[in-house]
>>> print(open('data-v4.txt').read())   # compact mmCIF, C-alpha atoms
# COMPACT_ATOMS: atom_id res chain seq x y z
CA MET V 1 -109.17 2.79 -3.81
CA SER V 2 -109.48 3.82 -0.19
CA GLY V 3 -109.85 7.41 0.88
CA ALA V 4 -106.58 7.32 2.83
CA VAL V 5 -104.50 6.17 -0.13
CA LEU V 6 -106.14 8.75 -2.28
CA GLU V 7 -105.31 11.42 0.25
CA ILE V 8 -101.65 10.35 0.35
CA ASN V 9 -101.55 10.25 -3.43
CA LYS V 10 -102.87 13.78 -3.55
CA LYS V 11 -100.41 15.03 -0.94
CA VAL V 12 -97.39 13.49 -2.63
CA ASN V 13 -98.46 14.81 -5.99
CA ARG V 14 -99.02 18.23 -4.52
CA ILE V 15 -95.53 18.26 -3.07
CA LEU V 16 -94.00 17.01 -6.30
CA THR V 17 -95.89 19.58 -8.34
CA GLN V 18 -94.99 22.35 -5.96
CA GLU V 19 -91.33 21.34 -5.98
CA SER V 20 -91.12 21.52 -9.75
CA LYS V 21 -93.18 24.67 -9.76
CA ILE V 22 -90.80 26.29 -7.24
CA THR V 23 -87.77 25.42 -9.31
CA ASN V 24 -89.34 26.59 -12.53
CA ASP V 25 -90.63 29.78 -11.03
CA LEU V 26 -87.26 30.87 -9.69
CA SER V 27 -85.77 33.87 -11.40
CA GLU V 28 -82.04 33.94 -12.17
CA ASP V 29 -81.44 36.16 -9.13
CA GLU V 30 -83.42 33.83 -6.92
CA LYS V 31 -81.46 30.85 -8.20
CA ILE V 32 -78.18 32.61 -7.42
CA ASN V 33 -79.45 33.59 -3.98
CA HIS V 34 -80.57 30.03 -3.37
CA PHE V 35 -77.12 28.80 -4.42
CA LEU V 36 -75.34 31.32 -2.13
CA ASP V 37 -77.63 30.38 0.76
CA SER V 38 -76.67 26.76 0.26
CA ILE V 39 -72.97 27.64 0.44
CA LEU V 40 -73.57 29.58 3.64
CA ASP V 41 -75.50 26.64 5.09
CA PHE V 42 -72.65 24.33 4.16
CA LYS V 43 -70.11 26.63 5.83
CA LYS V 44 -72.24 26.83 8.98
CA SER V 45 -72.63 23.08 9.03
CA LEU V 46 -68.85 22.60 8.70
CA THR V 47 -68.21 25.10 11.51
CA ARG V 48 -70.69 23.25 13.71
CA ARG V 49 -68.92 19.97 12.99
CA THR V 50 -65.55 21.57 13.79
CA GLU V 51 -66.87 22.91 17.10
CA LYS V 52 -68.20 19.46 17.93
CA LEU V 53 -64.77 17.94 17.25
CA ARG V 54 -63.04 20.60 19.37
CA TYR V 55 -65.43 19.91 22.22
CA ILE V 56 -64.72 16.18 22.04
CA ASP V 57 -61.00 16.99 21.98
CA GLU V 58 -61.38 19.11 25.13
CA LEU V 59 -63.31 16.34 26.89
CA LEU V 60 -60.64 13.79 25.99
CA SER V 61 -57.98 16.09 27.47
CA GLN V 62 -60.05 16.43 30.66
CA VAL V 63 -59.86 12.68 31.23
CA THR V 64 -56.13 13.03 31.95
CA TRP V 65 -56.82 15.59 34.73
CA VAL V 66 -59.12 13.33 36.73
CA GLU V 67 -57.42 12.85 40.10
CA GLN V 68 -59.24 9.68 41.16
CA GLU V 69 -57.61 6.42 40.21
CA ILE V 70 -58.95 4.91 37.03
CA THR V 71 -60.64 1.62 37.87
CA ALA V 72 -60.85 -1.46 35.64
CA ASP V 73 -64.47 -0.52 34.86
CA ASP V 74 -63.44 3.04 33.95
CA GLU V 75 -60.73 1.65 31.71
CA LYS V 76 -63.17 -0.63 29.94
CA MET V 77 -65.59 2.22 29.42
CA LEU V 78 -62.88 4.57 28.17
CA LYS V 79 -61.53 2.00 25.70
CA LYS V 80 -65.04 1.61 24.33
CA LEU V 81 -65.37 5.38 24.14
CA PHE V 82 -62.06 5.77 22.29
CA GLY V 83 -63.25 3.09 19.86
CA LYS V 84 -66.38 5.14 19.19
CA VAL V 85 -64.30 8.30 18.70
CA ASP V 86 -62.09 6.39 16.23
CA GLU V 87 -65.18 5.35 14.27
CA PHE V 88 -66.54 8.88 14.32
CA HIS V 89 -63.16 10.16 13.16
CA LYS V 90 -63.02 7.66 10.29
CA LYS V 91 -66.45 8.73 9.03
CA ALA V 92 -65.55 12.41 9.41
CA ILE V 93 -62.36 11.91 7.40
CA VAL V 94 -64.37 10.37 4.56
CA TYR V 95 -66.82 13.27 4.75
CA PHE V 96 -63.91 15.74 4.68
CA ALA V 97 -62.32 14.02 1.67
CA ASN V 98 -65.61 14.11 -0.24
CA MET V 99 -66.33 17.73 0.59
CA ARG V 100 -62.79 18.78 -0.22
CA THR V 101 -62.98 17.10 -3.61
CA ILE V 102 -66.17 18.97 -4.42
CA PHE V 103 -65.49 22.42 -3.00
CA TRP V 104 -61.73 23.08 -2.73
CA LYS V 105 -61.10 23.58 -6.45
CA HIS V 106 -63.96 26.06 -6.58
CA LYS V 107 -62.43 27.93 -3.63
CA ILE V 108 -65.60 27.45 -1.61
CA ALA V 109 -65.41 27.20 2.21
CA ARG V 110 -61.65 26.73 2.18
CA GLN V 111 -61.11 28.21 5.65
CA GLU V 112 -63.91 26.09 7.11
CA LEU V 113 -62.53 22.97 5.43
CA SER V 114 -59.02 23.71 6.75
CA ASP V 115 -60.30 24.29 10.28
CA PHE V 116 -62.29 21.07 10.08
CA LYS V 117 -59.17 19.14 9.01
CA VAL V 118 -57.11 20.63 11.87
CA ALA V 119 -59.82 19.61 14.34
CA LEU V 120 -59.82 16.11 12.84
CA ASP V 121 -56.03 15.87 13.18
CA ASP V 122 -56.23 17.12 16.76
CA ILE V 123 -58.80 14.49 17.69
CA GLU V 124 -56.65 11.75 16.18
CA GLU V 125 -53.65 13.09 18.09
CA SER V 126 -55.61 13.32 21.33
CA THR V 127 -57.03 9.81 21.26
CA LEU V 128 -53.55 8.43 20.61
CA GLU V 129 -52.08 10.53 23.38
CA VAL V 130 -54.71 9.93 26.03
CA ARG V 131 -54.51 6.18 25.38
CA GLN V 132 -50.72 6.45 25.68
CA ILE V 133 -50.97 8.36 28.98
CA LEU V 134 -53.66 6.26 30.65
CA PHE V 135 -52.88 2.79 29.43
CA ASP V 136 -49.12 2.87 29.00
CA ILE V 137 -47.16 5.66 30.69
CA ARG V 138 -49.09 5.68 33.97
CA LYS V 139 -48.89 1.90 34.23
CA ASP V 140 -45.11 2.02 34.26
CA ASP V 141 -43.74 1.50 37.80
CA ASP V 142 -40.49 3.34 37.06
CA PHE V 143 -42.40 6.36 35.82
CA MET V 144 -44.66 6.35 38.87
CA ASN V 145 -41.58 6.16 41.11
CA ASP V 146 -40.08 9.15 39.34
CA LEU V 147 -43.32 11.05 39.90
CA ARG V 148 -43.14 10.37 43.61
CA LYS V 149 -39.59 11.76 43.69
CA ILE V 150 -40.74 14.96 42.00
CA ALA V 151 -43.94 15.63 43.95
CA MET E 1 -35.41 25.18 31.02
CA SER E 2 -33.45 21.98 30.65
CA PRO E 3 -30.18 22.24 28.66
CA ASP E 4 -31.69 19.79 26.13
CA PHE E 5 -34.71 22.05 25.72
CA ILE E 6 -32.44 24.97 24.79
CA THR E 7 -30.55 22.81 22.31
CA GLU E 8 -33.80 21.63 20.74
CA VAL E 9 -35.23 25.13 20.37
CA ARG E 10 -31.98 26.35 18.79
CA LYS E 11 -32.25 23.53 16.23
CA ILE E 12 -35.90 24.32 15.56
CA LEU E 13 -35.15 28.02 15.08
CA LYS E 14 -32.74 27.19 12.25
CA SER E 15 -35.76 26.37 10.10
CA LYS E 16 -37.34 29.45 8.51
CA ALA E 17 -40.77 27.86 8.90
CA HIS E 18 -40.25 27.76 12.66
CA ALA E 19 -38.63 31.12 13.21
CA ASP E 20 -41.62 31.91 15.44
CA CYS E 21 -40.73 29.24 18.02
CA GLU E 22 -39.29 31.64 20.61
CA ASN E 23 -42.22 33.98 20.08
CA ALA E 24 -44.69 31.12 20.52
CA LEU E 25 -43.04 30.33 23.87
CA ILE E 26 -43.16 33.97 24.92
CA GLU E 27 -46.84 34.38 24.00
CA SER E 28 -48.02 31.05 25.39
CA ILE E 29 -45.83 30.70 28.46
CA TYR E 30 -43.84 33.75 29.51
CA LYS E 31 -46.69 36.22 29.14
CA LYS E 32 -49.29 33.99 30.76
CA THR E 33 -50.27 33.23 34.32
CA MET E 34 -49.86 29.76 35.78
CA ASP E 35 -53.58 29.02 35.42
CA GLU E 36 -53.60 30.16 31.81
CA ILE E 37 -50.56 28.00 31.01
CA VAL E 38 -51.91 24.87 32.65
CA GLN E 39 -55.62 25.14 32.02
CA VAL E 40 -56.18 27.09 28.82
CA GLY E 41 -55.93 25.39 25.44
CA SER E 42 -55.39 21.73 24.86
CA THR E 43 -53.33 20.53 27.81
CA LYS E 44 -53.01 16.95 28.98
CA LYS E 45 -51.59 15.79 32.25
CA ILE E 46 -49.13 13.00 31.59
CA GLY E 47 -48.62 12.41 35.28
CA GLY E 48 -48.22 13.99 38.69
CA THR E 49 -50.85 15.74 40.76
CA ASN E 50 -53.01 18.60 39.56
CA GLU E 51 -50.81 20.89 41.69
CA THR E 52 -47.54 19.61 40.22
CA PRO E 53 -48.51 18.22 36.83
CA PHE E 54 -46.26 16.95 34.06
CA VAL E 55 -48.04 18.47 31.07
CA ARG E 56 -48.21 18.29 27.32
CA LYS E 57 -49.58 21.43 25.69
CA ARG E 58 -50.34 22.51 22.15
CA LEU E 59 -48.85 25.88 21.27
CA GLU E 60 -50.09 27.84 18.31
CA GLY E 61 -47.41 29.19 16.01
CA ALA E 62 -47.47 32.94 15.42
CA GLY E 63 -47.77 32.64 11.65
CA THR E 64 -49.44 29.29 11.24
CA GLY E 65 -52.37 29.50 13.63
CA LYS E 66 -54.02 26.26 14.53
CA SER E 67 -52.68 24.25 11.61
CA GLY E 68 -49.03 24.42 12.66
CA GLY E 69 -47.66 25.19 16.04
CA TYR E 70 -45.70 23.21 18.55
CA ARG E 71 -46.07 20.52 21.16
CA LEU E 72 -44.56 21.45 24.51
CA TYR E 73 -43.73 19.22 27.49
CA PHE E 74 -43.22 20.84 30.86
CA TRP E 75 -43.52 20.38 34.59
CA ALA E 76 -45.56 22.93 36.51
CA PHE E 77 -45.17 23.68 40.20
CA LYS E 78 -48.20 25.79 41.00
CA VAL E 79 -47.23 26.57 44.61
CA ASP E 80 -43.80 27.89 43.57
CA ASP E 81 -45.20 29.47 40.39
CA GLU E 82 -42.53 27.67 38.35
CA ILE E 83 -42.67 26.11 34.91
CA HIS E 84 -39.86 23.73 33.93
CA LEU E 85 -39.64 23.42 30.16
CA LEU E 86 -38.39 19.98 29.10
CA PHE E 87 -39.09 19.34 25.43
CA ILE E 88 -40.69 20.89 22.36
CA HIS E 89 -41.26 19.82 18.79
CA PRO E 90 -43.06 21.43 15.87
CA LYS E 91 -46.22 19.82 14.55
CA THR E 92 -45.02 20.02 10.97
CA GLY E 93 -41.69 20.04 9.17
CA ARG E 94 -38.46 18.10 9.43
CA ARG E 95 -38.24 18.09 13.23
CA SER E 96 -41.93 17.30 13.63
CA SER E 97 -43.71 14.26 14.91
CA THR E 98 -47.34 13.59 15.67
CA ASN E 99 -46.36 12.49 19.08
CA ILE E 100 -43.27 11.42 20.98
CA THR E 101 -43.11 7.85 22.22
CA SER E 102 -44.23 6.76 25.67
CA GLU E 103 -40.64 5.76 26.39
CA TYR E 104 -39.36 9.23 25.59
CA GLN E 105 -41.98 10.85 27.80
CA LYS E 106 -40.99 8.56 30.66
CA GLN E 107 -37.35 9.44 30.01
CA LEU E 108 -38.17 13.16 30.21
CA ALA E 109 -39.54 12.60 33.73
CA LYS E 110 -36.50 10.58 34.74
CA ASP E 111 -34.10 13.17 33.36
CA PHE E 112 -35.98 15.95 35.13
CA VAL E 113 -35.48 14.24 38.52
CA GLY E 114 -31.70 14.28 37.92
CA LEU E 115 -31.60 17.82 36.56
CA ARG E 116 -33.61 19.20 39.43
CA ASP E 117 -31.65 17.35 42.10
CA ASN E 118 -28.34 18.54 40.61
CA GLY E 119 -29.55 22.11 40.11
CA ASP E 120 -28.95 21.85 36.36
CA MET E 121 -32.16 23.53 35.19
CA ILE E 122 -31.45 26.93 33.63
CA LEU E 123 -33.37 29.92 34.98
CA THR E 124 -34.82 32.18 32.33
CA LYS E 125 -37.15 35.17 32.15
CA LEU E 126 -38.54 37.68 29.69
CA SER E 127 -36.33 40.57 28.53
CA LYS E 128 -37.25 44.15 29.42
CA THR E 129 -38.71 44.64 25.97
CA LYS E 130 -40.76 41.45 26.48
CA THR E 131 -39.69 40.20 23.07
CA ARG E 132 -36.86 37.81 23.96
CA ILE E 133 -36.14 35.08 26.47
CA ILE E 134 -33.04 35.84 28.54
CA LEU E 135 -30.99 34.13 31.24
CA ASP E 136 -32.16 35.01 34.73
CA ASP E 137 -28.62 35.52 36.03
CA GLU E 138 -29.10 38.92 37.67
CA LYS E 139 -26.44 40.49 35.43
CA GLU E 140 -26.86 44.03 34.14
CA THR E 141 -26.60 42.99 30.52
CA GLU E 142 -29.24 40.70 29.07
CA THR E 143 -28.06 37.36 27.67
CA PHE E 144 -30.37 35.94 25.05
CA VAL E 145 -31.03 32.22 25.46
CA PHE E 146 -31.62 31.87 21.71
CA PRO E 147 -29.11 34.19 20.00
>>> encode(input="data-v4.txt", output="structure tokens")
Amino acid sequence: MSGAVLEINKKVNRILTQESKITNDLSEDEKINHFLDSILDFKKSLTRRTEKLRYIDELLSQVTWVEQEITADDEKMLKKLFGKVDEFHKKAIVYFANMRTIFWKHKIARQELSDFKVALDDIEESTLEVRQILFDIRKDDDFMNDLRKIA
Amino acid sequence: MSPDFITEVRKILKSKAHADCENALIESIYKKTMDEIVQVGSTKKIGGTNETPFVRKRLEGAGTGKSGGYRLYFWAFKVDDEIHLLFIHPKTGRRSSTNITSEYQKQLAKDFVGLRDNGDMILTKLSKTKTRIILDDEKETETFVFP
């Protein structure tokens, strides 16, 4: 047996032993505190995810305010981007469903879960809308003529 | 406000769940500056220039916070400091929809051209108490737009 493998073996065993020792050594109070800390961490993580979604939503809205004409290359890039946002949204919905199943009935992080769901709905709404605006409404000659009459 | 906008809000207000609709308009539009209306919150420019944009905006409901609220369509004329309210729908409930169709949004623009040219938009302002929307008809007595 080489020295390196032995060293790894020792390290892994040390970690495993320490892990079990930590768990066994926890008092009831410490266990409860550990549990409460985990809930807080989960809430913080959900809030971070919600903020991330809101930021994406804001960026999507900003696309509609760009004054320069959207080129074919821009359009291609944006369609790819919307595809990525759709994928991200799908995964986040699955995550939400799983978390809701686990925590909602125990009344844990309900506000955070609700906020997360609203942010998810908003993102879905925004991608639909921005696509509609950029790739449908603004490509309509009649609509563009009406805009010229109003400006 | 367009006459259709007034009709729509009156219908929305019939629902108890959306009794805050007028208040949502007051808080998000009538009590705000042009920049706050156009730039703050989730607003998307459907068309027009950044000085005269046709906008879709999310309004938070007074009682429902972010989960409910309304979707408002308006035209802003920054130079004249004018907002022309064209359409609104709640996010949830019987009169709700996730989104209105592209065709309907195009129709709103078309209708607005006609309404503006014919002088058919209805002037409104905030009442003295700042709690109601009234007709801006320079009469002594205040006429509520949404009785």
>>> axis_aligned_box(input="data-v4.txt", around="stretch 108-115 of chain V", padding_each_side="3 Å", output="JSON")
{"center_x": -62.3, "center_y": 25.6, "center_z": 4.3, "size_x": 12.6, "size_y": 11.2, "size_z": 17.9}
>>> closest_residue(input="data-v4.txt", among="E:Leu126, E:Val38, E:Leu135, E:Ile88", to="chain V", atoms="only C-alpha atoms")
E:Val38
>>> residues_around(input="data-v4.txt", residues="V:Leu46", least_positions_apart="2", cutoff="9 Å", atoms="all atoms listed in the file", output="PyMOL selection string")
chain V and resi 41-44+48-51+109+112-113+115-116
>>> closest_residue(input="data-v4.txt", among="E:Arg56, E:Lys139, E:Lys32, E:Arg132", to="chain V", atoms="only C-alpha atoms")
E:Arg56
>>> closest_atom_pairs(input="data-v4.txt", of="chain E", to="chain V", cutoff="12 Å", atoms="all atoms listed in the file", output="tab-separated table")
residue	atom	partner	partner_atom	distance
E:Val38	CA	V:Trp65	CA	10.7
E:Gln39	CA	V:Gln62	CA	9.9
E:Val40	CA	V:Glu58	CA	10.2
E:Gly41	CA	V:Glu58	CA	8.3
E:Ser42	CA	V:Glu58	CA	6.5
E:Thr43	CA	V:Ser61	CA	6.4
E:Lys44	CA	V:Ser61	CA	5.3
E:Lys45	CA	V:Thr64	CA	5.3
E:Ile46	CA	V:Ile133	CA	5.6
E:Gly47	CA	V:Arg138	CA	6.9
E:Gly48	CA	V:Leu147	CA	5.8
E:Thr49	CA	V:Glu67	CA	7.2
E:Asn50	CA	V:Trp65	CA	6.8
E:Glu51	CA	V:Ala151	CA	8.9
E:Thr52	CA	V:Ala151	CA	6.5
E:Pro53	CA	V:Ala151	CA	8.8
E:Phe54	CA	V:Leu147	CA	8.8
E:Val55	CA	V:Thr64	CA	9.8
E:Arg56	CA	V:Glu129	CA	9.5
E:Lys57	CA	V:Ser61	CA	10.1
E:Arg58	CA	V:Asp122	CA	9.6
E:Glu60	CA	V:Val118	CA	11.9
E:Thr64	CA	V:Val118	CA	11.6
E:Gly65	CA	V:Asp115	CA	10.1
E:Lys66	CA	V:Val118	CA	7.0
E:Ser67	CA	V:Val118	CA	5.7
E:Gly68	CA	V:Val118	CA	9.0
E:Gly69	CA	V:Val118	CA	11.3
E:Arg71	CA	V:Glu125	CA	11.0
E:Trp75	CA	V:Ile150	CA	9.6
E:Ala76	CA	V:Ala151	CA	10.5
E:Phe77	CA	V:Ala151	CA	9.0
E:Lys78	CA	V:Ala151	CA	11.4
E:Val79	CA	V:Ala151	CA	11.4
E:His84	CA	V:Ile150	CA	12.0
E:Lys91	CA	V:Asp122	CA	10.6
E:Thr92	CA	V:Asp121	CA	12.0
E:Ser97	CA	V:Glu125	CA	10.5
E:Thr98	CA	V:Glu125	CA	6.8
E:Asn99	CA	V:Glu125	CA	7.4
E:Ile100	CA	V:Glu129	CA	9.2
E:Thr101	CA	V:Gln132	CA	8.5
E:Ser102	CA	V:Ile137	CA	5.9
E:Glu103	CA	V:Ile137	CA	7.8
E:Tyr104	CA	V:Ile137	CA	10.0
E:Gln105	CA	V:Ile137	CA	7.9
E:Lys106	CA	V:Phe143	CA	5.8
E:Gln107	CA	V:Phe143	CA	8.3
E:Leu108	CA	V:Phe143	CA	9.8
E:Ala109	CA	V:Asp146	CA	6.6
E:Lys110	CA	V:Asp146	CA	6.0
E:Asp111	CA	V:Asp146	CA	9.4
E:Phe112	CA	V:Ile150	CA	8.4
E:Val113	CA	V:Ile150	CA	6.3
E:Gly114	CA	V:Asp146	CA	9.9
E:Leu115	CA	V:Ile150	CA	11.0
E:Arg116	CA	V:Ile150	CA	8.7
E:Asp117	CA	V:Ile150	CA	9.4
>>> closest_residue(input="data-v4.txt", among="V:Thr47, V:Tyr95, V:Lys10, V:His89", to="V:Arg110", atoms="only C-alpha atoms")
V:Thr47
>>> atom_distance(input="data-v4.txt", atom1="atom CA of V:Phe135", atom2="atom CA of V:Asp86")
16.5 Å
>>> atom_distance(input="data-v4.txt", atom1="atom CA of E:Glu27", atom2="atom CA of E:Ile133")
11.0 Å
>>> residues_around(input="data-v4.txt", residues="E:Ile6", least_positions_apart="2", cutoff="12 Å", atoms="all atoms listed in the file", output="ChimeraX atom specification")
/E:1-4,8-13,21-22,25,84-89,121-124,133-135,144-147
>>> atom_distance(input="data-v4.txt", atom1="atom CA of V:Phe88", atom2="atom CA of V:Arg100")
18.0 Å
>>> closest_residue(input="data-v4.txt", among="E:Gly119, E:Pro90, E:Asn23, E:Glu142", to="E:Tyr73", atoms="all atoms listed in the file")
E:Pro90
